[in-house]
Number of protein chains: 4
Amino acid sequence: MSEKIKKIGIMTGGGDCPGLNPVIRAAVRTAILKYGLEVVGFMHGYNGLYHNNVVPLDLDAVSGILPIGGTILNSSNKDNLFAYPFEEDGKTVYKDVSDVGVENIKKNGIDAMIIIGGDGTLTSGRDYARKGVRVVGVPKTIDNDLACTDYTFGFDTAVSVASEALDRLHTTAASHNRIMVLEVMGRYAGWIALAAGISGGADAIMIPELPYDINKIADAIKERKERGRKFSIVVVAEGAKSKSGEIHVSRVVDDSPDPIRLGGIGAVVADELERLAGLEARATILGHIQRGGTPTSRDRILSTRYGSAAVELVMSGKFGNMVTLKGDEMSYESLEDVIGKNKGVDPDCELVQMAKGMGICFGD
Amino acid sequence: MSEKIKKIGIMTGGGDCPGLNPVIRAAVRTAILKYGLEVVGFMHGYNGLYHNNVVPLDLDAVSGILPIGGTILNSSNKDNLFAYPFEEDGKTVYKDVSDVGVENIKKNGIDAMIIIGGDGTLTSGRDYARKGVRVVGVPKTIDNDLACTDYTFGFDTAVSVASEALDRLHTTAASHNRIMVLEVMGRYAGWIALAAGISGGADAIMIPELPYDINKIADAIKERKERGRKFSIVVVAEGAKSKSGEIHVSRVVDDSPDPIRLGGIGAVVADELERLAGLEARATILGHIQRGGTPTSRDRILSTRYGSAAVELVMSGKFGNMVTLKGDEMSYESLEDVIGKNKGVDPDCELVQMAKGMGICFGD
Amino acid sequence: MSEKIKKIGIMTGGGDCPGLNPVIRAAVRTAILKYGLEVVGFMHGYNGLYHNNVVPLDLDAVSGILPIGGTILNSSNKDNLFAYPFEEDGKTVYKDVSDVGVENIKKNGIDAMIIIGGDGTLTSGRDYARKGVRVVGVPKTIDNDLACTDYTFGFDTAVSVASEALDRLHTTAASHNRIMVLEVMGRYAGWIALAAGISGGADAIMIPELPYDINKIADAIKERKERGRKFSIVVVAEGAKSKSGEIHVSRVVDDSPDPIRLGGIGAVVADELERLAGLEARATILGHIQRGGTPTSRDRILSTRYGSAAVELVMSGKFGNMVTLKGDEMSYESLEDVIGKNKGVDPDCELVQMAKGMGICFGD
Amino acid sequence: MSEKIKKIGIMTGGGDCPGLNPVIRAAVRTAILKYGLEVVGFMHGYNGLYHNNVVPLDLDAVSGILPIGGTILNSSNKDNLFAYPFEEDGKTVYKDVSDVGVENIKKNGIDAMIIIGGDGTLTSGRDYARKGVRVVGVPKTIDNDLACTDYTFGFDTAVSVASEALDRLHTTAASHNRIMVLEVMGRYAGWIALAAGISGGADAIMIPELPYDINKIADAIKERKERGRKFSIVVVAEGAKSKSGEIHVSRVVDDSPDPIRLGGIGAVVADELERLAGLEARATILGHIQRGGTPTSRDRILSTRYGSAAVELVMSGKFGNMVTLKGDEMSYESLEDVIGKNKGVDPDCELVQMAKGMGICFGD
């Protein structure tokens, strides 16, 4: 089958993630230099597929993009062509315009598509595969929460940014006997909080998988105080939840549909701990700093491997699959099998047990 | 007078600031290696002076601290011995216990004190000078808002941290057509916001000295959008104020004494701009990350100069003064003259005019 | 057996490696907080064992050392007590003084030793195990060339430093149409060169495992020039060898026992390429910068895992073993089996094949 | 005069220097957004002027280049059109082809040129000014050795890179009782060595302006050893010279026109110190790493100011001048006056005296 492949298309969808450009670069270089293919990209994710917004991707186009954050192909967050929003008579109506995409792929003479994106983007990718498009997927999740692959690119960069922030907070906390709370990404999975907390020497880590009792965190901080360590560093994933189920918002924002939007869990936890532990507390919200900018060397290598492996999948005719990393080997799994399968932090895993053994409190 | 100096004491007070350890190190090394003095430090600012918490500062004590954030002498925020808080019958009573400090200085045989701190700490320093203690002050302000000196240490590090954050936000903003709002330090002065905004390529900068009209910021963003630049980067100092005087809180937190505490001006501005400019907006609050951690090389050199110059002031008998930087020369001014004199960003200064000339919007 | 363990000793030997302090910290915290043990350290490697140079390692001793490079226990390079050098009558005589070490371990009431070091240090560790000392080893090699473990700490930091250097060299190379040669560590294994080369976008990578023909490297550079890319980036491991076996030194240093010591392979390769490819070439020798300083977050987590796992091995009575990482799991192997077993880069491995597929020239 | 300016040209010449892109960006944005000008650039320095290699510089062209090292206009090192090399009958003949440049400037309708470069580039700039071209110069020197301006962009980045290297070398030196020698840029001026040495906590600094006696450096290291500090950090500028005038090359490379090319002064000094001080010594050669890559925030602000000020000079008709920084103010001086005037480190300046007072040895 591979002998028929002469031209491939590449597309990125969803949120920013350090490593997207290296994926594109590796795919383009491998396609051109190893297999003599022609490569094009669709701009702005599925929107570009709909509007046939195509750019040529030659060696010049990917020159110098390895250390650059973002994606040269741009992205889009609302890009499901199987249910695309149109404004009609003042209402939003959703229509299936995926045939336009299939048509554009054909019109451009593209033999196979490499689709880089998160669960939403890859779900559409699978749907295109069902429609007969030759699709290879590359998973993108800053949260490292994909069930079928051990590590995803972007995660190491996010952890690195959070860890560096913890280094800086440490000296201030130590000089002023304060509690410093750092809110990091992780709405459903605590991987970033766990890794950054270990790397940055946190005293407490709060993750969605281990609902917390704020009193236990406060107790751990008070114990430290009694041992003479008058400061504490707390890392909290944005999706961390209290055991009781209620959100500990000391100052409720009543009319808001999203009650912790303004302050975030980080500010809430700082407030609570200041009151319970009797030490000044301050919160820092890292936000999107974690998902932009130049990738770490590890993420550059990992994303380069993903991009290169995607082309190898294409050339060996293994369509309908997604590239994965198993142990330290590149592999793949069927898009049909992997969509929607996430992995959270297992509370019994070695990392959590190790962290507890070193005295890190999870509040559980 | 200088021939009488045999032993000096060092003290740090107030908030964390990258460069404190280099100041201490330079003072200790210069005192010992150039002048053969003995040096001691008081721990925890004026609290240590009150409790006679003294540590010897020899070459070993300052070895390796140059790149380390924080202060090896620790600090304290509530440390005015001229009005020191005591709990009596459940009430807080303030007493002047400064004589205890004077006594401790004498008891330790200290001939002169080098006091490193912000306006509050140096005000007490001046008061000790009035009581006859030989005091030399070293100014510490992360905000660079001191009238009598051109640059203070810590500022370059804060700007550098904020600028690096902007680099990371840029790629995400560009990939997703978003408004990214970065809230930086600067309650009364916009120096950090101005410098980081220029260094990080911001499209709008909001500072306390130039009250803003949020509609002008939104208009600038919309104009960019029309020119095809579908993202914007906004830097806002925590003390930025709207022209009308009112705080633009779309979702008011009613019962709070400090209505923007939970979300901060950054979140508020993001909310407003999302509504007015019709683009998704996200806020990042850098918080204390800006004032901790290893100093930049420039701050290390600057703080080393401050520390060394403080010892020179001591040895030339110029007590009651504070070390300053004028142009690129170390100098000094009387503590009596400089206390309480801050400098904000002059709206007509070269930097602001240059920024406006380059198309950066201040919303004024 | 583990119930008998009440006190453990820790020791570091051999060259610097980012992650040593996190190993010590994790071991100490786990030993104290999880198992209630007492911990001491021997300073300066086996020399300290010989001279009974012991320091207590409590929580305070390891506080704040996580981000600090080097080792708080210091190290030593000539520390084999089984053949320890003594000066006698102007000659160096080697004697087995290992019994003094055993005696000191007993005298201090130490139940088990955690020995952190490279092949030489661990060989002595095995010899102590043979003498009945309860030993657990932790492997340390910046070069990542240990056969029985997938990744060792320090490697990611070294790659990261080299990769950052490549980023900086890239802009200069591109602006000036030059060949930039970066010499990195790796006397026997090319892991750092390979990983940094991929991460930093090198055009050619020269490693010991793939002897090079300098003409092939020059040809690749000339081909690039013809395609309009007038600059090239070359990464060369210090142990890279030419195919012909001879060292390509254009300017031989005759009377030197180590002919390339002065210039290094980097300078030699730059000289050759300038002549062969007709472009100016410059060499940079990173040297020890790669093996010092703060570890990356990945290395901090990895070394923390190694340190914690060492204590777990001790408490489960698995003496005579070394901690290893297999896939993403901590494991162990017998010191008897692992000593002297290195792994080089397999020329057929996925990484090398991928790099070649992307057009990176190895000169083989 | 300024009302006549409608179109300006920009050019960069000479070696790489962090900040070139921000200069171009600031000039372009100010020219377009403040003054409504048209802007073009000549590629590859004067070579592009000769071959009329012109590119339009609009807002898109300079978007995103602020953090990127190098120059989007490329550069050239052999670009003097007043004596341009031609190959004729196998010999190199130099001809004055500057009229072609003047002609090309006219042909493109360019009213004024902003020329960014070092002494060589600006000398040609002055010669064009003499020929009637309206020229404004922007000085570029990584070494900060320009007499008429206090600081030049690129210098802070170079110092920062060298200082970071020293941080990494420190931990290795301390862990292994070694002498670490770092060779930094500075062929004629020791500014980088001096600043990096102070910032990185060096024990000895060797600069061209203070010829050294290697025995004095060795003595300082031995004294430290006796005080218990068994490691030392030495920073040496590439242009450092011994007092006796001879180059201390222990292993001479006889037939070389440039005897220390292979090893560099850093390797030589390490060799000497190892022998004289009786401690192992290692050298690191930073090379071009110091002059490439992303600029520090300070350099970004400084270069932005230079670029903006250049346009202001153009618009106020002040041709034949070069932008300078005096204290913290932008200013200018006549190209006729400034060409060829360098400033070295004054041995009596505050920085050197301060460094000596802190125990740093200069070997003088």
# chains A, B, ... in the order shown; residues from 1 in each chain; ligands from 1

call {"tool": "interface_residues", "arguments": {"of": "chain D", "to": "chain C", "cutoff": "9 Å", "atoms": "only C-alpha atoms", "output": "VMD selection string"}}
result
chain D and resid 14 to 17 44 68 to 77 164 to 177 180 251 to 256 260 to 264 267 to 268 282 to 294

call {"tool": "residues_around", "arguments": {"residues": "Gln353 (chain B)", "least_positions_apart": "3", "cutoff": "12 Å", "atoms": "only C-alpha atoms", "output": "list of chain:residue names"}}
result
B:Leu194, B:Ile198, B:Val345, B:Asp346, B:Pro347, B:Asp348, B:Cys349, B:Glu350, B:Lys356, B:Gly357, B:Met358, B:Gly359, B:Ile360, B:Cys361, B:Phe362, D:Thr30, D:Lys34, D:Arg305, D:Ser308, D:Ala309, D:Glu312

call {"tool": "select_by_dssp", "arguments": {"residues": "region 54-93 of chain D", "states": "helix (DSSP H, G or I)", "output": "PDB file with C-alpha atoms, in the first residue's frame"}}
result
ATOM      1  CA  ASP D  60       4.297  41.187   9.552  1.00  0.00           C
ATOM      2  CA  ALA D  61       7.974  40.869   8.676  1.00  0.00           C
ATOM      3  CA  VAL D  62       9.035  41.823  12.200  1.00  0.00           C
ATOM      4  CA  LEU D  81      32.215  48.082  -0.780  1.00  0.00           C
ATOM      5  CA  PHE D  82      34.933  50.743  -0.698  1.00  0.00           C
ATOM      6  CA  ALA D  83      37.469  47.919  -1.042  1.00  0.00           C
TER       7      ALA D  83
END

call {"tool": "atom_distance", "arguments": {"atom1": "CA of Glu183 (chain D)", "atom2": "CA of Pro211 (chain D)"}}
result
15.7 Å

call {"tool": "residues_around", "arguments": {"residues": "region 232-242 of chain A", "least_positions_apart": "3", "cutoff": "7 Å", "atoms": "only C-alpha atoms", "output": "number ranges by chain"}}
result
A: 173, 178-188, 190, 193, 197, 202-208, 211-213, 221, 245-247, 265-266

call {"tool": "residues_around", "arguments": {"residues": "region 319-328 of chain D", "least_positions_apart": "2", "cutoff": "7 Å", "atoms": "only C-alpha atoms", "output": "list of chain:residue names"}}
result
B:Gly327, B:Asp328, D:Arg126, D:Ala129, D:Arg134, D:Val135, D:Val136, D:Gly137, D:Val138, D:Pro139, D:Cys148, D:Thr149, D:Asp150, D:Tyr151, D:Tyr306, D:Ala309, D:Ala310, D:Val314, D:Gly317, D:Met330, D:Ser331, D:Tyr332, D:Glu333, D:Ser334, D:Leu335

call {"tool": "atom_distance", "arguments": {"atom1": "CA of Ile214 (chain D)", "atom2": "CA of Leu33 (chain B)"}}
result
21.4 Å

call {"tool": "select_by_dssp", "arguments": {"residues": "region 39-252 of chain D", "states": "strand (DSSP E)", "output": "PyMOL selection string"}}
result
chain D and resi 39-42+54-56+84-88+91-95+112-117+135-139+179-184+204-206+232-237

call {"tool": "write_last_selection", "arguments": {"atoms": "C-alpha atoms", "output": "mmCIF file, in the first residue's frame"}}
result
data_model
loop_
_atom_site.group_PDB
_atom_site.id
_atom_site.type_symbol
_atom_site.label_atom_id
_atom_site.label_comp_id
_atom_site.auth_asym_id
_atom_site.auth_seq_id
_atom_site.Cartn_x
_atom_site.Cartn_y
_atom_site.Cartn_z
ATOM 1 C CA VAL D 39 10.709 50.425 5.327
ATOM 2 C CA VAL D 40 12.925 48.000 3.431
ATOM 3 C CA GLY D 41 15.945 45.951 4.412
ATOM 4 C CA PHE D 42 19.091 44.940 2.568
ATOM 5 C CA VAL D 54 16.052 44.162 -0.964
ATOM 6 C CA VAL D 55 13.157 42.884 1.167
ATOM 7 C CA PRO D 56 10.100 44.814 2.340
ATOM 8 C CA TYR D 84 35.555 44.911 -2.244
ATOM 9 C CA PRO D 85 37.475 41.729 -3.095
ATOM 10 C CA PHE D 86 37.282 40.330 -6.632
ATOM 11 C CA GLU D 87 39.013 37.290 -8.019
ATOM 12 C CA GLU D 88 40.943 38.163 -11.157
ATOM 13 C CA LYS D 91 44.477 36.840 -7.512
ATOM 14 C CA THR D 92 42.336 38.889 -5.152
ATOM 15 C CA VAL D 93 41.946 42.453 -6.317
ATOM 16 C CA TYR D 94 40.175 45.124 -4.242
ATOM 17 C CA LYS D 95 37.982 47.678 -5.973
ATOM 18 C CA ALA D 112 17.737 57.441 4.712
ATOM 19 C CA MET D 113 19.686 54.366 5.835
ATOM 20 C CA ILE D 114 19.875 52.895 9.334
ATOM 21 C CA ILE D 115 23.114 50.916 9.491
ATOM 22 C CA ILE D 116 23.593 48.551 12.418
ATOM 23 C CA GLY D 117 27.070 47.190 12.944
ATOM 24 C CA VAL D 135 23.019 57.611 7.363
ATOM 25 C CA VAL D 136 22.178 56.916 11.010
ATOM 26 C CA GLY D 137 24.360 54.337 12.754
ATOM 27 C CA VAL D 138 23.481 51.887 15.530
ATOM 28 C CA PRO D 139 26.539 50.489 17.334
ATOM 29 C CA ILE D 179 40.339 24.558 39.471
ATOM 30 C CA MET D 180 37.801 25.410 36.797
ATOM 31 C CA VAL D 181 38.906 27.816 34.079
ATOM 32 C CA LEU D 182 36.275 29.496 31.923
ATOM 33 C CA GLU D 183 37.452 31.258 28.781
ATOM 34 C CA VAL D 184 35.072 34.005 27.703
ATOM 35 C CA ALA D 204 40.403 35.128 39.794
ATOM 36 C CA ILE D 205 39.725 37.225 36.679
ATOM 37 C CA MET D 206 42.256 37.708 33.892
ATOM 38 C CA SER D 232 38.838 27.804 42.616
ATOM 39 C CA ILE D 233 37.046 29.406 39.703
ATOM 40 C CA VAL D 234 39.060 31.378 37.161
ATOM 41 C CA VAL D 235 37.580 33.511 34.372
ATOM 42 C CA VAL D 236 39.931 34.422 31.576
ATOM 43 C CA ALA D 237 39.201 36.750 28.649
#

call {"tool": "atom_distance", "arguments": {"atom1": "CA of Met43 (chain A)", "atom2": "CA of Leu57 (chain A)"}}
result
11.2 Å

call {"tool": "residues_around", "arguments": {"residues": "Arg300 (chain A)", "least_positions_apart": "6", "cutoff": "9 Å", "atoms": "only C-alpha atoms", "output": "PyMOL selection string"}}
result
(chain A and resi 18-19+22-23+66-67+153-154+294) or (chain C and resi 198-200)
